[in-house]
Amino acid sequence: MLAAAVSGVAVWKYPAPQRADLVLWTFDQTDARIYRGELSGVLGSVTPSLAEQFERRFGLRVRVSLIGQMGENIRLASAFMSEAGAQTPDLCEIEIHSIGQFLRPPIGDVGLLPLNDFLEKSGWDRRIVSSRFAPWSKIDPLTGERIIFGVPADVHPVTITYRKDLFDEAGVDLEGGKTWGDFQDRCLAFQAYWGAHGRPDRRAIALSTGGPDEIVEMLLQRHVNLIDGNGKLHFTDEKLLETAIFYAQLLAGPRAIGADVSSGVGWTEDLARGNVCAVCTPDWKADYIREFSPELAGKVRMMALPRFEDGDAPTSTSGGTMIGICRDCPHPEEAWKLLEFLYLSPEANAARIAAGDDVLPAVPEYWSEPVYHRRDSFFCDAGGGQDVGGLYVQLAGEIPERYVTPYTFQAELVLAAVVHRAQDYIASHGGTEGLRPVCARWLAEAQEEMQRRIDFGKFEP
Amino acid sequence: MRRVAIHLLLIGLAAVAVLPFVWLICASIKTPEDLLGSTLLPWGHLDHLTLDNFRMLRDQPFGRWVVNSIFLSSLHTVLVVTLSSLGGFALAKYEFAGKRVIMVIMLGTMLLPSQVLVPGSYELMYRLHWIDSYLAIIVPGAVSVFGIILFRQAMIGVPDELLQCGRLDGCSEWRLWWDIALPVVRPMIGAYTLLSFLAEWNSFLWPQIILQNEAKYTLPIGLNSLAGLPEYQHNYGVIMAATLVSILPVAVLFFVLQRDFVSGLASGAVKG
Amino acid sequence: MNRDRWWRLQTRAAPYLFVSPFLVIFCVFMLYPLSRSLVLSFEKTIGPRHSAFVGLSNYRYLLGHDRLFGLALLNTAAYTVAFLALQIPMSLGLALLLNSRRILFRDLFRFSFFSSYLVGQVFVGVIFFQLFGPDGLINHAVSIVAGHRVVIPWLSSPNLVLPSVLIASLWLATGYGMVYFLAALQSVDPELYEAAEMDGAGNWQRFVHITLPGIRPMLGYVVLVGAIGGFQLFELPFVLLQGAGPNARGLTVVMYLFVMGFNTGDLGYASAIGWMLVVILLALTFIKFRFFRFGPESGN
């Protein structure tokens with residue numbers, strides 16, 4: 001009881017938060033720090049903060065609330081669902097894994113405000129990479145128009161980062177191969193060399209045996225969305241079957257080149273130890289290598305993704321964040337001003353760069369900034385440091401469209417389960433012979449199950 | 001000979017049980033470089049051990065989370081023990097209209113996964129304007145069906161003669177509860193205090209939904225939000241230091257109440 | 001005279017006064033949300049301001065077509081059975097070892113076994129996430145036993161998900177069960193043992209004929225609590241596996257409820273899952289009452 005009393009006084013004494021004209025919810029710690037200006041030693045500091053700059057310019061007070069991603073999702077969902085004028089913020093940042101649930105209602109009932117008019121009026125619709133609107137939008141079944149609910153923060157092109165030193169030692173030129181098939185052959189040669197030189201456990205590339213990340217990246221490369229913008233399923237596409245079998249035999253059987261890595265950011269350590277020697281790296285992931293395995297400086301190099309066939313993109317996309325305005329926001333014009341200032345303005349880009357965040361923005365006109373084009377000695381190259389940013393910039397123009405529906409991530413899990421079964425098949429049969437019809441059947445079943453789920457989830461008032 | 005064997009066996013088992021704690025303590029005083037290099041301690045260079053991880057907690061509103069957690073947990077405990085013992089006393093020692101109905105409904109809800117309540121509760125908190133307020137955690141948490149049944153079970157053992165004597169002596173019913181019933185179940189109060197403090201201390205889902213302001217976070221939420229940051233996923237020594245600090249208060253509380261706890265359990269819920 | 005009436009009044013009103021704070025809070029903050037969720041389970045909910053009555057459609061899909069729910073149920077049941085099958089003998093064994101008064105440092109042993117229960121599920125998830133790493137403590141221990149470096153992919157192999165979650169939760173809960181059994185053992189009449197000894201009963205016979213019947217109510221209670229806890233498992237795998245785990249082998253019923261409600265946004269369906277769980281738990285409790293004759297009424 002004493003503890004309750006003492007701590008109660010302490011809690012009582014906390015200053016109450018100030019009232020604000022605009023409230024923004026974010027789940028992203030770095031963003032929150034950039035907006036609010038509380039940067040710890042790790043990241044350097046930005047003064048005045050973006051929120052302060054905005055207040056000075058527009059005379060509107062801004063409050064940025066940092067909320068755990070799970071908490072934010074639950075709260076937004078509940079708020080969007082309660083009657084009239086719920087406790088929604090004016091703006092919110094949403095991560096790509098969470099957006100689907102909010103897009104489930106019919107367009108008129110999505111809790112976020114359609115931004116098409118704002119984007120058109122301001123001209124930003126033409127200045128932002130258009131494929132990046134895909135995850136945050138929904139196609140109107142009546143008019144076929146794409147209704148956009150969020151402004152993308154990023155492009156997130158994907159490359160492969162590999163241990164140049166180890167591949168050189170094995171005498172394998174990984175970048176010489178242009179197709180995934182070539183890539184696999186080279187990796188097998190690489191593993192054969194190391195098998196004979198004391199590291200039979202060494203695997204060429206990090207691929208997930210039970211998760212969907214890399215196979216989904218490969219499918220996007222081939223412009224296959226498991227569920228496309230119109231809500232159509234593509235499990236039974238020929239390309240998907242081919243990719244699934246190819247992916248499975250990368251992980252099982254005599255030609256396996258891939259292996260799982262540690263969870264969290266432990267994979268940088270796996271790369272440093274040479275347990276795996278290549279990793280698929282979207283731009284946000286590449287930073288982790290530098291940050292957490294600095295001993296890899298000068299030992300790694302980055303390359304575009306191999307393709308399956310002509311017409312495939314030499315890159316993919318993984319992850320993403322957007323900012324949107326809530327439908328209940330009483331003054332959307334002002335909210336739009338804040339949105340523009342935090343995401344699209346030169347000040348915002350400068351603040352992000354100053355904070356050490358060099359993820360490529362979704363606005364191509366900023367891609368010419370020198371920070372995205374410097375030679376980086378961490379990545380080795382003949383001319384003393386590879387221009388990694390330049391590679392990302394070059395690939396960013398070829399980003400495939402990625403759609404997200406409420407069922408996309410479930411569909412990905414279902415696909416991962418099929419691929420895992422295929423791996424078991426290959427492991428027990430010693431190869432892919434006879435797998436094709438079996439796998440096609442599994443995929444057809446998966447499609448049927450997902451279709452039933454989607455039909456069930458449809459809402460007819 | 002047999003005694004020695006039993007002791008050795010116990011020591012071995014206890015070592016296994018405590019090993020994760022040992023590991024936790026070791027992890028919290030290692031530098032990021034040593035975290036991966038050594039399993040327990042970097043024996044080669046023990047001079048590298050550091051308290052930096054604990055110092056880094058000061059960069060976070062960690063102290064505030066500790067205070068918040070202590071506040072919420074202790075207030076919760078006081079309320080829930082008071083209300084449960086009052087209610088349990090009434091259900092054990094009085095006959096009154098509706099008693100059966102109350103018992104049946106309570107038993108039914110005991111089995112309910114609390115997650116079923118979340119959507120409806122959130123809506124209610126919104127209507128009450130209790131979002132981001134400790135009220136939303138304290139008030140619904142002040143009742144525990146488990147607690148009231150526990151106290152009812154224990155207080156059935158309070159002799160009726162004792163209560164009648166009290167009444168003849170002119171005690172009010174309130175005094176009967178305080179002076180006669182409560183002392184009889186004292187050990188169980190100790191046990192239940194610990195259990196409810198622990199439950200609130202570790203509670204995760206509901207506070208995560210309700211609390212919006214970082215400054216109001218409790219330890220599990222704060223810690224989980226720290227653990228999600230890439231910089232700490234790598235340097236998880238900080239997270240482990242934070243975990244260690246989070247466990248300490250309950251460990252102290254348990255050590256103090258240990259004897260009560262065991263005898264309380266014996267006298268409480270599960271009398272045959 | 002007046003005083004007398006007051007006295008009678010307070011005697012009569014007392015029980016109502018005593019239960020009323022409990023009852024008010026209980027009704028407002030439990031029964032109301034509960035009834036809301038029951039209504040929700042017959043609705044299809046979507047986005048703001050819209051829900052439609054769909055009768056039993058949620059339940060029909062749940063039981064007839066939903067393979068993920070089937071998987072979640074299977075995972076959860078397998079976990080619960082395995083957990084009880086391991087936890088009960090381990091806890092009881094520890095309690096029997098510690099029950100003798102001749103054990104030195106009993107309190108210390110008891111504390112070291114029980115202390116892991118003080119760590120919440122979230123914290124356990126955070127700790128074991130590291131312990132299960134490729135070069136974590138557990139693989140290290142296995143390597144020492146095996147004599148060479150072993151990397152068991154505890155958290156990334158579908159078949160190891162259940163064992164991993166079990167190891168973490170047994171570490172969490174074995175000491176907890178032990179304390180309950182210890183409490184029960186101490187209330188068994190020592191004279192019974194002495195009498196049995198005089199009759200020449202062996203250790204095993206004493207265990208079967210005296211100890212087990214003596215602790216039967218507690219055994220029932222621990223099984224019941226374990227089963228309920230098992231079926232409500234959520235936070236530990238959610239933090240440990242950072243989701244449902246490989247091939248969704250770590251998906252539990254409550255996790256599925258959470259995902260459907262707050263990721264897919266169908267609170268109606270989520271509520272239906274919750275009520276299915278209620279039915280399952282009620283059935284379990286019913287079975288238990290039949291077999292163990294223990295209940296809140298038994299104290300009478």
# chains A, B, ... in the order shown; residues from 1 in each chain; ligands from 1
call {"tool": "interface_residues", "arguments": {"of": "chain B", "to": "chain C", "cutoff": "7 Å", "atoms": "only C-alpha atoms", "output": "ChimeraX atom specification"}}
result
/B:14,17-18,39,83,86-87,90,94,111-113,116-117,120-121,140,143,153,173,198,202,220,243,247,250-251,262-263,265-266,270-272
call {"tool": "write_last_selection", "arguments": {"atoms": "C-alpha atoms", "output": "short mmCIF file (atom, residue, chain, number, x, y, z; two decimals), in the first residue's frame"}}
result
data_model
loop_
_atom_site.label_atom_id
_atom_site.label_comp_id
_atom_site.auth_asym_id
_atom_site.auth_seq_id
_atom_site.Cartn_x
_atom_site.Cartn_y
_atom_site.Cartn_z
CA ALA B 14 18.31 -26.12 -9.43
CA ALA B 17 16.45 -23.93 -13.42
CA VAL B 18 18.67 -21.00 -12.54
CA THR B 39 28.20 -18.07 -24.11
CA LEU B 83 -12.63 -6.23 -3.07
CA LEU B 86 -15.02 -8.50 0.87
CA GLY B 87 -16.93 -10.27 -1.84
CA ALA B 90 -20.14 -12.24 1.67
CA TYR B 94 -24.07 -15.06 4.16
CA LEU B 111 -12.90 -19.88 -18.20
CA LEU B 112 -13.15 -17.03 -20.61
CA PRO B 113 -10.01 -16.07 -22.47
CA VAL B 116 -12.59 -12.19 -26.02
CA LEU B 117 -13.28 -9.07 -24.00
CA GLY B 120 -16.04 -4.69 -26.38
CA SER B 121 -13.87 -3.29 -23.63
CA PRO B 140 -11.68 -3.11 -14.64
CA VAL B 143 -12.21 -7.24 -9.72
CA GLN B 153 -13.06 -20.98 -0.45
CA GLU B 173 -20.47 -6.80 10.04
CA LEU B 198 2.71 -10.59 -10.54
CA ASN B 202 3.57 -8.85 -16.32
CA PRO B 220 6.57 -5.10 -20.46
CA THR B 243 14.75 -7.50 -18.14
CA ILE B 247 12.35 -9.04 -12.55
CA VAL B 250 8.91 -9.23 -7.90
CA ALA B 251 11.77 -11.43 -6.80
CA VAL B 262 3.15 -21.81 0.36
CA SER B 263 1.00 -22.12 3.46
CA LEU B 265 -1.89 -22.01 -1.10
CA ALA B 266 -2.47 -24.94 1.21
CA VAL B 270 -7.96 -26.27 -3.11
CA LYS B 271 -9.15 -27.65 0.11
CA GLY B 272 -10.33 -31.16 -0.56
#
call {"tool": "interface_residues", "arguments": {"of": "chain A", "to": "chain C", "cutoff": "8 Å", "atoms": "only C-alpha atoms", "output": "PyMOL selection string"}}
result
chain A and resi 73-74+77+79-84+98+100-102+104-105+109-111+209-211+260+262-263+406-407+413-414+416-417+420+453+456-457+459+461
call {"tool": "write_last_selection", "arguments": {"atoms": "C-alpha atoms", "output": "PDB file, in the first residue's frame"}}
result
ATOM      1  CA  ASN A  73      -2.817  -1.256 -35.244  1.00  0.00           C
ATOM      2  CA  ILE A  74      -5.207  -2.303 -32.539  1.00  0.00           C
ATOM      3  CA  ALA A  77      -8.712  -0.643 -35.952  1.00  0.00           C
ATOM      4  CA  ALA A  79     -11.120   3.670 -33.570  1.00  0.00           C
ATOM      5  CA  PHE A  80     -12.053   3.170 -37.219  1.00  0.00           C
ATOM      6  CA  MET A  81     -14.685   0.760 -36.070  1.00  0.00           C
ATOM      7  CA  SER A  82     -16.399   2.780 -33.391  1.00  0.00           C
ATOM      8  CA  GLU A  83     -19.196   5.186 -34.100  1.00  0.00           C
ATOM      9  CA  ALA A  84     -18.624   8.792 -35.126  1.00  0.00           C
ATOM     10  CA  SER A  98      -0.537  -3.667 -41.265  1.00  0.00           C
ATOM     11  CA  GLY A 100      -4.229  -4.691 -45.426  1.00  0.00           C
ATOM     12  CA  GLN A 101      -6.682  -4.820 -42.561  1.00  0.00           C
ATOM     13  CA  PHE A 102      -7.527  -1.143 -42.997  1.00  0.00           C
ATOM     14  CA  ARG A 104     -10.761  -4.388 -46.083  1.00  0.00           C
ATOM     15  CA  PRO A 105     -13.950  -2.255 -46.012  1.00  0.00           C
ATOM     16  CA  ASP A 109     -15.783   3.062 -45.401  1.00  0.00           C
ATOM     17  CA  VAL A 110     -12.012   2.846 -45.207  1.00  0.00           C
ATOM     18  CA  GLY A 111     -10.956   4.761 -42.097  1.00  0.00           C
ATOM     19  CA  THR A 209      12.907 -22.528 -45.591  1.00  0.00           C
ATOM     20  CA  GLY A 210       9.651 -21.856 -43.787  1.00  0.00           C
ATOM     21  CA  GLY A 211       8.989 -18.184 -44.447  1.00  0.00           C
ATOM     22  CA  ASP A 260      18.026 -20.166 -42.873  1.00  0.00           C
ATOM     23  CA  SER A 262      19.331 -16.315 -37.263  1.00  0.00           C
ATOM     24  CA  SER A 263      16.246 -14.310 -36.475  1.00  0.00           C
ATOM     25  CA  PRO A 406      -6.181  -7.969 -46.106  1.00  0.00           C
ATOM     26  CA  TYR A 407      -5.366 -11.500 -47.230  1.00  0.00           C
ATOM     27  CA  LEU A 413       2.086 -17.983 -45.449  1.00  0.00           C
ATOM     28  CA  VAL A 414      -0.003 -20.516 -47.325  1.00  0.00           C
ATOM     29  CA  ALA A 416       5.391 -20.775 -47.803  1.00  0.00           C
ATOM     30  CA  ALA A 417       3.756 -23.927 -46.457  1.00  0.00           C
ATOM     31  CA  HIS A 420       8.054 -26.228 -47.499  1.00  0.00           C
ATOM     32  CA  ARG A 453     -11.475 -17.269 -47.212  1.00  0.00           C
ATOM     33  CA  PHE A 456     -16.159 -15.410 -46.679  1.00  0.00           C
ATOM     34  CA  GLY A 457     -14.508 -12.146 -45.677  1.00  0.00           C
ATOM     35  CA  PHE A 459     -18.929  -7.703 -46.723  1.00  0.00           C
ATOM     36  CA  PRO A 461     -24.461  -4.934 -46.107  1.00  0.00           C
TER      37      PRO A 461
END
call {"tool": "interface_residues", "arguments": {"of": "chain B", "to": "chain A", "cutoff": "7 Å", "atoms": "only C-alpha atoms", "output": "PyMOL selection string"}}
result
chain B and resi 67-68+70-71+74-75+78+123+208-209+212-214+225+230+233-234
call {"tool": "atom_distance", "arguments": {"atom1": "atom CA of A:Phe379", "atom2": "atom CA of A:Val300"}}
result
5.2 Å
call {"tool": "residues_around", "arguments": {"residues": "stretch 231-235 of chain A", "least_positions_apart": "5", "cutoff": "7 Å", "atoms": "only C-alpha atoms", "output": "PyMOL selection string"}}
result
chain A and resi 226+240+443-444+447
